[in-house]
file start.csv (CSV, N, CA and C atoms)
chain,number,residue,atom,x,y,z
R,1,MET,N,0.8,-1.2,0.0
R,1,MET,CA,0.0,0.0,0.0
R,1,MET,C,0.9,1.2,0.0
R,2,ALA,N,0.5,2.2,-0.8
R,2,ALA,CA,1.2,3.5,-0.8
R,2,ALA,C,1.0,4.3,0.4
R,3,MET,N,1.8,5.3,0.6
R,3,MET,CA,1.7,6.2,1.7
R,3,MET,C,1.3,7.6,1.1
R,4,THR,N,0.4,8.3,1.9
R,4,THR,CA,0.1,9.6,1.5
R,4,THR,C,0.5,10.5,2.7
R,5,ILE,N,0.9,11.7,2.3
R,5,ILE,CA,1.4,12.7,3.3
R,5,ILE,C,0.6,14.0,3.1
R,6,ASP,N,-0.1,14.3,4.2
R,6,ASP,CA,-0.9,15.6,4.2
R,6,ASP,C,-0.1,16.6,5.1
R,7,VAL,N,0.1,17.8,4.7
R,7,VAL,CA,0.8,18.8,5.4
R,7,VAL,C,-0.1,20.0,5.8
R,8,GLU,N,-0.1,20.4,7.0
R,8,GLU,CA,-0.9,21.5,7.5
R,8,GLU,C,0.0,22.4,8.2
R,9,HIS,N,0.1,23.7,7.8
R,9,HIS,CA,0.9,24.7,8.4
R,9,HIS,C,0.0,25.5,9.4
R,10,LEU,N,0.4,25.5,10.7
R,10,LEU,CA,-0.4,26.2,11.7
R,10,LEU,C,0.5,27.5,12.1
R,11,GLY,N,-0.2,28.5,12.5
R,11,GLY,CA,0.5,29.7,13.0
R,11,GLY,C,1.0,29.4,14.4
R,12,GLY,N,1.0,30.4,15.2
R,12,GLY,CA,1.3,30.2,16.6
R,12,GLY,C,2.8,30.5,16.9
R,13,ASN,N,3.1,30.3,18.1
R,13,ASN,CA,4.5,30.5,18.6
R,13,ASN,C,4.9,29.3,19.4
R,14,PRO,N,5.8,28.4,18.8
R,14,PRO,CA,6.4,28.6,17.5
R,14,PRO,C,5.5,28.1,16.4
R,15,PRO,N,5.7,28.6,15.2
R,15,PRO,CA,4.9,28.1,14.0
R,15,PRO,C,5.1,26.5,14.0
R,16,VAL,N,3.9,25.9,13.8
R,16,VAL,CA,3.9,24.4,13.8
R,16,VAL,C,3.5,23.9,12.5
R,17,THR,N,4.1,22.8,12.0
R,17,THR,CA,3.7,22.1,10.9
R,17,THR,C,3.2,20.7,11.3
R,18,VAL,N,2.0,20.3,10.9
R,18,VAL,CA,1.5,19.0,11.1
R,18,VAL,C,1.7,18.1,9.9
R,19,VAL,N,2.3,17.0,10.0
R,19,VAL,CA,2.5,16.1,8.9
R,19,VAL,C,1.8,14.8,9.2
R,20,ALA,N,0.7,14.5,8.5
R,20,ALA,CA,-0.1,13.4,8.7
R,20,ALA,C,0.3,12.3,7.7
R,21,LEU,N,0.7,11.1,8.2
R,21,LEU,CA,1.1,10.0,7.4
R,21,LEU,C,0.0,9.0,7.4
R,22,ALA,N,-0.3,8.5,6.2
R,22,ALA,CA,-1.3,7.4,6.0
R,22,ALA,C,-0.8,6.3,5.2
R,23,GLY,N,-1.0,5.1,5.6
R,23,GLY,CA,-0.5,3.9,4.8
R,23,GLY,C,0.7,3.3,5.4
R,24,GLU,N,1.7,3.0,4.5
R,24,GLU,CA,2.9,2.3,5.0
R,24,GLU,C,4.1,3.2,4.7
R,25,LEU,N,4.9,3.4,5.8
R,25,LEU,CA,6.2,4.2,5.7
R,25,LEU,C,7.3,3.2,5.6
R,26,ASP,N,8.0,3.2,4.5
R,26,ASP,CA,9.1,2.2,4.2
R,26,ASP,C,10.1,2.8,3.3
R,27,ALA,N,11.0,1.9,2.8
R,27,ALA,CA,12.1,2.4,2.0
R,27,ALA,C,11.7,3.1,0.7
R,28,SER,N,10.5,2.8,0.3
R,28,SER,CA,10.1,3.4,-1.0
R,28,SER,C,9.7,4.8,-0.8
R,29,ASN,N,9.4,5.3,0.4
R,29,ASN,CA,8.9,6.7,0.5
R,29,ASN,C,9.4,7.5,1.7
R,30,TYR,N,10.3,6.9,2.5
R,30,TYR,CA,10.8,7.6,3.7
R,30,TYR,C,11.4,9.0,3.4
R,31,GLU,N,12.1,9.0,2.2
R,31,GLU,CA,12.8,10.3,1.9
R,31,GLU,C,11.8,11.4,1.6
R,32,GLN,N,10.6,11.1,1.2
R,32,GLN,CA,9.5,12.1,1.0
R,32,GLN,C,9.2,12.8,2.4
R,33,VAL,N,9.2,12.0,3.4
R,33,VAL,CA,8.9,12.5,4.8
R,33,VAL,C,10.0,13.5,5.2
R,34,ILE,N,11.3,13.1,4.9
R,34,ILE,CA,12.4,13.9,5.3
R,34,ILE,C,12.3,15.2,4.5
R,35,ASP,N,12.0,15.2,3.2
R,35,ASP,CA,11.9,16.4,2.3
R,35,ASP,C,10.8,17.3,2.8
R,36,VAL,N,9.6,16.7,3.3
R,36,VAL,CA,8.5,17.6,3.8
R,36,VAL,C,9.0,18.3,5.0
R,37,VAL,N,9.7,17.6,5.9
R,37,VAL,CA,10.1,18.3,7.1
R,37,VAL,C,11.2,19.3,6.8
R,38,ARG,N,12.1,19.0,5.9
R,38,ARG,CA,13.1,20.0,5.5
R,38,ARG,C,12.5,21.2,5.0
R,39,THR,N,11.5,21.1,4.1
R,39,THR,CA,10.8,22.2,3.5
R,39,THR,C,10.1,23.1,4.6
R,40,ALA,N,9.4,22.4,5.5
R,40,ALA,CA,8.7,23.1,6.6
R,40,ALA,C,9.7,23.9,7.5
R,41,TYR,N,10.8,23.3,7.8
R,41,TYR,CA,11.9,24.1,8.6
R,41,TYR,C,12.4,25.3,7.8
R,42,ALA,N,12.6,25.1,6.5
R,42,ALA,CA,13.2,26.1,5.6
R,42,ALA,C,12.2,27.3,5.5
R,43,GLU,N,10.9,26.9,5.6
R,43,GLU,CA,9.8,28.0,5.5
R,43,GLU,C,9.5,28.6,6.9
R,44,GLY,N,10.3,28.3,7.9
R,44,GLY,CA,10.1,28.9,9.2
R,44,GLY,C,9.4,28.1,10.3
R,45,SER,N,9.0,26.9,10.0
R,45,SER,CA,8.3,26.2,11.1
R,45,SER,C,9.3,25.7,12.1
R,46,ARG,N,9.0,25.9,13.4
R,46,ARG,CA,9.9,25.4,14.4
R,46,ARG,C,9.3,24.4,15.3
R,47,GLY,N,8.1,24.0,15.0
R,47,GLY,CA,7.5,22.9,15.7
R,47,GLY,C,6.9,21.9,14.7
R,48,LEU,N,7.0,20.6,15.1
R,48,LEU,CA,6.5,19.6,14.2
R,48,LEU,C,5.7,18.6,14.9
R,49,VAL,N,4.5,18.3,14.4
R,49,VAL,CA,3.7,17.2,14.9
R,49,VAL,C,3.5,16.2,13.8
R,50,MET,N,3.9,14.9,14.1
R,50,MET,CA,3.7,13.9,13.1
R,50,MET,C,2.4,13.1,13.5
R,51,ASP,N,1.4,13.2,12.7
R,51,ASP,CA,0.1,12.5,13.0
R,51,ASP,C,0.2,11.1,12.4
R,52,LEU,N,0.2,10.1,13.3
R,52,LEU,CA,0.4,8.8,12.9
R,52,LEU,C,-0.9,8.0,12.9
R,53,SER,N,-2.1,8.6,13.0
R,53,SER,CA,-3.3,7.9,13.3
R,53,SER,C,-3.7,7.0,12.1
R,54,GLU,N,-3.3,7.3,10.9
R,54,GLU,CA,-3.6,6.5,9.7
R,54,GLU,C,-2.4,5.7,9.2
R,55,LEU,N,-1.3,5.7,9.9
R,55,LEU,CA,-0.1,5.0,9.6
R,55,LEU,C,-0.3,3.5,10.0
R,56,THR,N,-0.2,2.6,9.0
R,56,THR,CA,-0.5,1.2,9.4
R,56,THR,C,0.7,0.3,9.5
R,57,PHE,N,1.9,0.8,8.9
R,57,PHE,CA,3.1,0.0,9.0
R,57,PHE,C,4.3,1.0,8.9
R,58,MET,N,5.3,0.6,9.7
R,58,MET,CA,6.5,1.5,9.6
R,58,MET,C,7.8,0.5,9.6
R,59,ALA,N,8.6,0.6,8.6
R,59,ALA,CA,9.8,-0.1,8.5
R,59,ALA,C,10.9,0.6,9.2
R,60,SER,N,12.1,0.1,9.3
R,60,SER,CA,13.2,0.7,9.9
R,60,SER,C,13.6,2.0,9.2
R,61,SER,N,13.3,2.1,7.9
R,61,SER,CA,13.5,3.4,7.2
R,61,SER,C,12.6,4.5,7.7
R,62,GLY,N,11.4,4.1,8.2
R,62,GLY,CA,10.5,5.1,8.8
R,62,GLY,C,11.1,5.6,10.1
R,63,LEU,N,11.7,4.8,10.9
R,63,LEU,CA,12.4,5.2,12.1
R,63,LEU,C,13.5,6.2,11.7
R,64,PHE,N,14.2,5.9,10.7
R,64,PHE,CA,15.3,6.8,10.2
R,64,PHE,C,14.7,8.2,9.8
R,65,ALA,N,13.6,8.1,9.1
R,65,ALA,CA,12.9,9.4,8.7
R,65,ALA,C,12.5,10.2,9.9
R,66,MET,N,12.0,9.6,10.9
R,66,MET,CA,11.6,10.3,12.1
R,66,MET,C,12.8,10.9,12.9
R,67,HIS,N,13.8,10.1,12.9
R,67,HIS,CA,15.1,10.6,13.6
R,67,HIS,C,15.6,11.8,12.8
R,68,SER,N,15.6,11.7,11.5
R,68,SER,CA,16.0,12.8,10.6
R,68,SER,C,15.2,14.1,10.9
R,69,ALA,N,13.9,13.9,11.1
R,69,ALA,CA,13.0,15.0,11.3
R,69,ALA,C,13.4,15.7,12.6
R,70,VAL,N,13.8,15.0,13.6
R,70,VAL,CA,14.2,15.7,14.9
R,70,VAL,C,15.5,16.5,14.6
R,71,ARG,N,16.4,15.9,13.9
R,71,ARG,CA,17.7,16.6,13.6
R,71,ARG,C,17.4,17.8,12.8
R,72,ILE,N,16.5,17.8,11.8
R,72,ILE,CA,16.2,18.9,11.0
R,72,ILE,C,15.6,20.0,11.8
R,73,MET,N,14.6,19.6,12.7
R,73,MET,CA,13.9,20.6,13.5
R,73,MET,C,14.8,21.2,14.6
R,74,ARG,N,16.0,20.6,14.9
R,74,ARG,CA,17.0,21.2,15.8
R,74,ARG,C,18.0,22.1,15.0
R,75,GLY,N,17.8,22.2,13.7
R,75,GLY,CA,18.7,22.9,12.9
R,75,GLY,C,20.0,22.2,12.5
R,76,GLU,N,19.9,20.9,12.7
R,76,GLU,CA,21.1,20.0,12.4
R,76,GLU,C,20.9,19.3,11.1
R,77,THR,N,22.0,18.8,10.6
R,77,THR,CA,22.0,18.0,9.4
R,77,THR,C,21.6,16.5,9.8
R,78,PRO,N,20.6,16.0,9.1
R,78,PRO,CA,20.2,14.6,9.3
R,78,PRO,C,21.3,13.7,8.9
R,79,PRO,N,21.4,12.5,9.5
R,79,PRO,CA,22.4,11.5,9.1
R,79,PRO,C,22.2,11.1,7.6
R,80,ASP,N,23.2,10.6,7.0
R,80,ASP,CA,23.2,10.2,5.6
R,80,ASP,C,22.7,8.7,5.6
R,81,PRO,N,21.6,8.5,4.9
R,81,PRO,CA,21.0,7.1,4.9
R,81,PRO,C,22.0,6.1,4.3
R,82,GLU,N,23.0,6.6,3.5
R,82,GLU,CA,23.9,5.7,2.9
R,82,GLU,C,24.9,5.1,3.9
R,83,GLU,N,24.9,5.7,5.1
R,83,GLU,CA,25.8,5.3,6.2
R,83,GLU,C,25.4,4.0,6.8
R,84,GLY,N,24.2,3.6,6.5
R,84,GLY,CA,23.7,2.3,7.1
R,84,GLY,C,23.7,2.2,8.6
R,85,TRP,N,24.5,1.3,9.1
R,85,TRP,CA,24.6,1.1,10.5
R,85,TRP,C,25.1,2.3,11.3
R,86,GLY,N,25.9,3.1,10.6
R,86,GLY,CA,26.4,4.3,11.3
R,86,GLY,C,25.3,5.3,11.6
R,87,ALA,N,24.3,5.4,10.6
R,87,ALA,CA,23.1,6.2,10.9
R,87,ALA,C,22.3,5.7,12.0
R,88,LEU,N,22.2,4.4,12.2
R,88,LEU,CA,21.4,3.8,13.3
R,88,LEU,C,22.1,4.1,14.6
R,89,HIS,N,23.5,4.1,14.6
R,89,HIS,CA,24.2,4.4,15.8
R,89,HIS,C,24.0,5.8,16.2
R,90,GLN,N,23.9,6.7,15.2
R,90,GLN,CA,23.6,8.1,15.5
R,90,GLN,C,22.2,8.2,16.2
R,91,MET,N,21.3,7.4,15.7
R,91,MET,CA,19.9,7.4,16.3
R,91,MET,C,20.0,7.1,17.8
R,92,ALA,N,20.8,6.0,18.1
R,92,ALA,CA,20.9,5.6,19.5
R,92,ALA,C,21.6,6.7,20.4
R,93,GLN,N,22.6,7.4,19.8
R,93,GLN,CA,23.2,8.4,20.6
R,93,GLN,C,22.3,9.6,20.9
R,94,ASP,N,21.4,9.9,19.9
R,94,ASP,CA,20.5,11.1,20.0
R,94,ASP,C,19.4,10.8,21.0
R,95,GLN,N,19.1,9.5,21.3
R,95,GLN,CA,17.9,9.2,22.1
R,95,GLN,C,18.0,9.7,23.5
R,96,ASP,N,19.2,10.3,23.9
R,96,ASP,CA,19.3,10.8,25.3
R,96,ASP,C,18.6,12.1,25.4
R,97,ALA,N,18.3,12.8,24.3
R,97,ALA,CA,17.7,14.2,24.4
R,97,ALA,C,16.4,14.2,23.7
R,98,GLN,N,15.3,14.2,24.4
R,98,GLN,CA,14.0,14.2,23.8
R,98,GLN,C,13.8,15.6,23.2
R,99,ALA,N,13.3,15.6,22.0
R,99,ALA,CA,13.0,16.9,21.3
R,99,ALA,C,11.7,17.5,21.9
R,100,SER,N,11.7,18.7,22.3
R,100,SER,CA,10.5,19.3,22.8
R,100,SER,C,9.6,19.9,21.7
R,101,ASN,N,10.2,20.1,20.6
R,101,ASN,CA,9.5,20.8,19.5
R,101,ASN,C,9.0,19.8,18.4
R,102,VAL,N,9.2,18.5,18.6
R,102,VAL,CA,8.7,17.4,17.7
R,102,VAL,C,8.0,16.4,18.5
R,103,ARG,N,6.7,16.2,18.2
R,103,ARG,CA,5.9,15.2,18.9
R,103,ARG,C,5.1,14.3,17.9
R,104,LEU,N,4.9,13.1,18.4
R,104,LEU,CA,4.1,12.2,17.6
R,104,LEU,C,2.7,12.1,18.1
R,105,ALA,N,1.7,11.9,17.3
R,105,ALA,CA,0.3,11.9,17.7
R,105,ALA,C,-0.4,10.7,17.2
R,106,ALA,N,-1.2,10.1,18.1
R,106,ALA,CA,-2.3,9.1,17.7
R,106,ALA,C,-1.8,7.9,17.0
R,107,ALA,N,-0.6,7.4,17.4
R,107,ALA,CA,-0.1,6.2,16.8
R,107,ALA,C,-1.0,5.0,17.1
R,108,GLN,N,-1.3,4.1,16.1
R,108,GLN,CA,-2.0,2.9,16.4
R,108,GLN,C,-1.1,2.0,17.2
R,109,GLU,N,-1.7,1.0,17.8
R,109,GLU,CA,-0.9,0.1,18.7
R,109,GLU,C,0.3,-0.5,18.1
R,110,PRO,N,0.2,-1.1,16.9
R,110,PRO,CA,1.4,-1.7,16.3
R,110,PRO,C,2.6,-0.7,16.1
R,111,ILE,N,2.2,0.5,15.7
R,111,ILE,CA,3.3,1.6,15.5
R,111,ILE,C,3.8,2.0,16.8
R,112,ALA,N,2.9,2.2,17.8
R,112,ALA,CA,3.4,2.6,19.1
R,112,ALA,C,4.3,1.6,19.7
R,113,ARG,N,4.0,0.3,19.5
R,113,ARG,CA,4.9,-0.8,20.0
R,113,ARG,C,6.3,-0.8,19.3
R,114,VAL,N,6.3,-0.5,18.0
R,114,VAL,CA,7.6,-0.4,17.3
R,114,VAL,C,8.4,0.8,17.9
R,115,LEU,N,7.8,1.9,18.1
R,115,LEU,CA,8.4,3.1,18.7
R,115,LEU,C,9.0,2.8,20.1
R,116,ASP,N,8.2,2.1,20.9
R,116,ASP,CA,8.6,1.8,22.2
R,116,ASP,C,9.8,0.8,22.2
R,117,ARG,N,9.6,-0.3,21.5
R,117,ARG,CA,10.7,-1.3,21.5
R,117,ARG,C,12.0,-0.9,20.9
R,118,THR,N,12.0,0.1,20.0
R,118,THR,CA,13.2,0.6,19.4
R,118,THR,C,13.8,1.7,20.2
R,119,GLY,N,13.2,2.1,21.3
R,119,GLY,CA,13.7,3.2,22.1
R,119,GLY,C,13.4,4.6,21.5
R,120,MET,N,12.6,4.7,20.4
R,120,MET,CA,12.4,6.0,19.8
R,120,MET,C,11.5,6.9,20.7
R,121,LEU,N,10.8,6.3,21.7
R,121,LEU,CA,10.0,7.2,22.5
R,121,LEU,C,10.8,7.9,23.5
R,122,ARG,N,12.1,7.6,23.6
R,122,ARG,CA,13.0,8.5,24.3
R,122,ARG,C,13.4,9.7,23.5
R,123,LEU,N,13.2,9.7,22.2
R,123,LEU,CA,13.5,10.8,21.3
R,123,LEU,C,12.2,11.7,21.1
R,124,PHE,N,11.1,11.1,21.2
R,124,PHE,CA,9.8,11.7,20.9
R,124,PHE,C,8.8,11.5,22.1
R,125,ALA,N,8.0,12.5,22.3
R,125,ALA,CA,6.8,12.3,23.1
R,125,ALA,C,5.7,11.8,22.2
R,126,LEU,N,4.9,10.9,22.7
R,126,LEU,CA,3.7,10.4,21.9
R,126,LEU,C,2.5,10.9,22.6
R,127,ASP,N,1.7,11.7,21.9
R,127,ASP,CA,0.4,12.2,22.5
R,127,ASP,C,-0.8,11.4,21.9
R,128,ALA,N,-1.9,11.4,22.7
R,128,ALA,CA,-3.1,10.6,22.2
R,128,ALA,C,-3.7,11.2,21.0
R,129,THR,N,-3.7,12.5,20.9
R,129,THR,CA,-4.4,13.2,19.8
R,129,THR,C,-3.5,14.2,19.1
R,130,ARG,N,-3.8,14.6,17.9
R,130,ARG,CA,-3.1,15.7,17.2
R,130,ARG,C,-3.2,17.0,18.0
R,131,ALA,N,-4.4,17.3,18.5
R,131,ALA,CA,-4.6,18.5,19.2
R,131,ALA,C,-3.7,18.6,20.4
R,132,ASP,N,-3.6,17.5,21.2
R,132,ASP,CA,-2.7,17.4,22.4
R,132,ASP,C,-1.3,17.7,22.0
R,133,ALA,N,-0.9,17.1,20.9
R,133,ALA,CA,0.5,17.3,20.4
R,133,ALA,C,0.8,18.7,20.0
R,134,VAL,N,-0.1,19.3,19.3
R,134,VAL,CA,0.1,20.7,18.9
R,134,VAL,C,0.1,21.6,20.1
R,135,ALA,N,-0.8,21.4,21.1
R,135,ALA,CA,-0.8,22.2,22.3
R,135,ALA,C,0.5,22.0,23.1
R,136,ALA,N,1.1,20.8,23.1
R,136,ALA,CA,2.3,20.6,23.8
R,136,ALA,C,3.5,21.3,23.2
R,137,VAL,N,3.5,21.3,21.8
R,137,VAL,CA,4.6,21.9,21.1
R,137,VAL,C,4.6,23.4,21.4
R,138,GLN,N,3.3,24.0,21.4
R,138,GLN,CA,3.2,25.4,21.6
R,138,GLN,C,3.1,25.8,23.0
R,139,GLY,N,3.3,24.9,23.9
R,139,GLY,CA,3.4,25.2,25.3
R,139,GLY,C,2.1,25.6,25.9
R,140,ALA,N,1.0,25.2,25.3
R,140,ALA,CA,-0.3,25.6,25.8
R,140,ALA,C,-0.8,24.7,27.0

call {"tool": "encode", "arguments": {"input": "start.csv", "output": "structure tokens"}}
result
Amino acid sequence: MAMTIDVEHLGGNPPVTVVALAGELDASNYEQVIDVVRTAYAEGSRGLVMDLSELTFMASSGLFAMHSAVRIMRGETPPDPEEGWGALHQMAQDQDAQASNVRLAAAQEPIARVLDRTGMLRLFALDATRADAVAAVQGA
């Protein structure tokens, strides 16, 4: 199944972009997610909510895309996917500092389980709803 990406730019302080992923996030499309986040940051967004309510599958490349999103929103260069294991090691090192401006929302149980088992929830907060995640990013 293909993945669709819907992007919504919200105002506020900081300006927040909501990226809603639907379908399967895998090696065939993870770079699109990175590009969307890179564009949002370049256009001034400093908060990111990834709405996972319609995401049904996430491969390891999806974890890489999410880690890249955190790095981009910190103003850092994301790891090079061609580095393979080196990129995964960078993910492990970064998990010590949870990003306050990047939150995940409404993950279905299988996706939440992958995020938990891989340690990614040390990198992201996971909120029950998109609205909760937006409010948390904006400090409401």

call {"tool": "closest_residue", "arguments": {"input": "start.csv", "among": "R:Ile5, R:Ala112, R:Val33, R:Leu10", "to": "Ala125 in chain R", "atoms": "only C-alpha atoms"}}
result
R:Ala112

call {"tool": "atom_distance", "arguments": {"input": "start.csv", "atom1": "atom N of Asp51 in chain R", "atom2": "atom N of Met73 in chain R"}}
result
14.7 Å

call {"tool": "closest_residue", "arguments": {"input": "start.csv", "among": "R:Leu123, R:Val16, R:Ile111, R:Ala22", "to": "His67 in chain R", "atoms": "only N, CA and C atoms"}}
result
R:Leu123

call {"tool": "residues_around", "arguments": {"input": "start.csv", "residues": "Arg103 in chain R", "least_positions_apart": "2", "cutoff": "7 Å", "atoms": "only C-alpha atoms", "output": "PyMOL selection string"}}
result
chain R and resi 48-50+101+105+124-126+133

call {"tool": "atom_distance", "arguments": {"input": "start.csv", "atom1": "atom N of Leu52 in chain R", "atom2": "atom N of Ser68 in chain R"}}
result
15.6 Å

call {"tool": "residues_near_point", "arguments": {"input": "start.csv", "point": "(12.3, 17.0, 8.7)", "cutoff": "5 Å", "atoms": "all atoms listed in the file", "output": "JSON, numbers by chain"}}
result
{"R": [34, 37, 38, 68, 69, 72]}

call {"tool": "select_by_dssp", "arguments": {"input": "start.csv", "residues": "chain R", "states": "alpha helix (DSSP H)", "output": "count of residues only"}}
result
54

call {"tool": "closest_residue", "arguments": {"input": "start.csv", "among": "R:Ala107, R:Leu63, R:Val114, R:Val102", "to": "Arg130 in chain R", "atoms": "all atoms listed in the file"}}
result
R:Ala107

call {"tool": "closest_residue", "arguments": {"input": "start.csv", "among": "R:Gln138, R:Thr77, R:Thr129, R:Thr56", "to": "Leu21 in chain R", "atoms": "all atoms listed in the file"}}
result
R:Thr56

call {"tool": "atom_distance", "arguments": {"input": "start.csv", "atom1": "atom C of Leu55 in chain R", "atom2": "atom N of Ala135 in chain R"}}
result
21.1 Å

call {"tool": "closest_residue", "arguments": {"input": "start.csv", "among": "R:Ser45, R:Thr4, R:Ser100, R:Ser60", "to": "Ala20 in chain R", "atoms": "all atoms listed in the file"}}
result
R:Thr4

call {"tool": "closest_residue", "arguments": {"input": "start.csv", "among": "R:Asp127, R:Glu109, R:Glu76, R:Asp132", "to": "Tyr41 in chain R", "atoms": "only C-alpha atoms"}}
result
R:Glu76
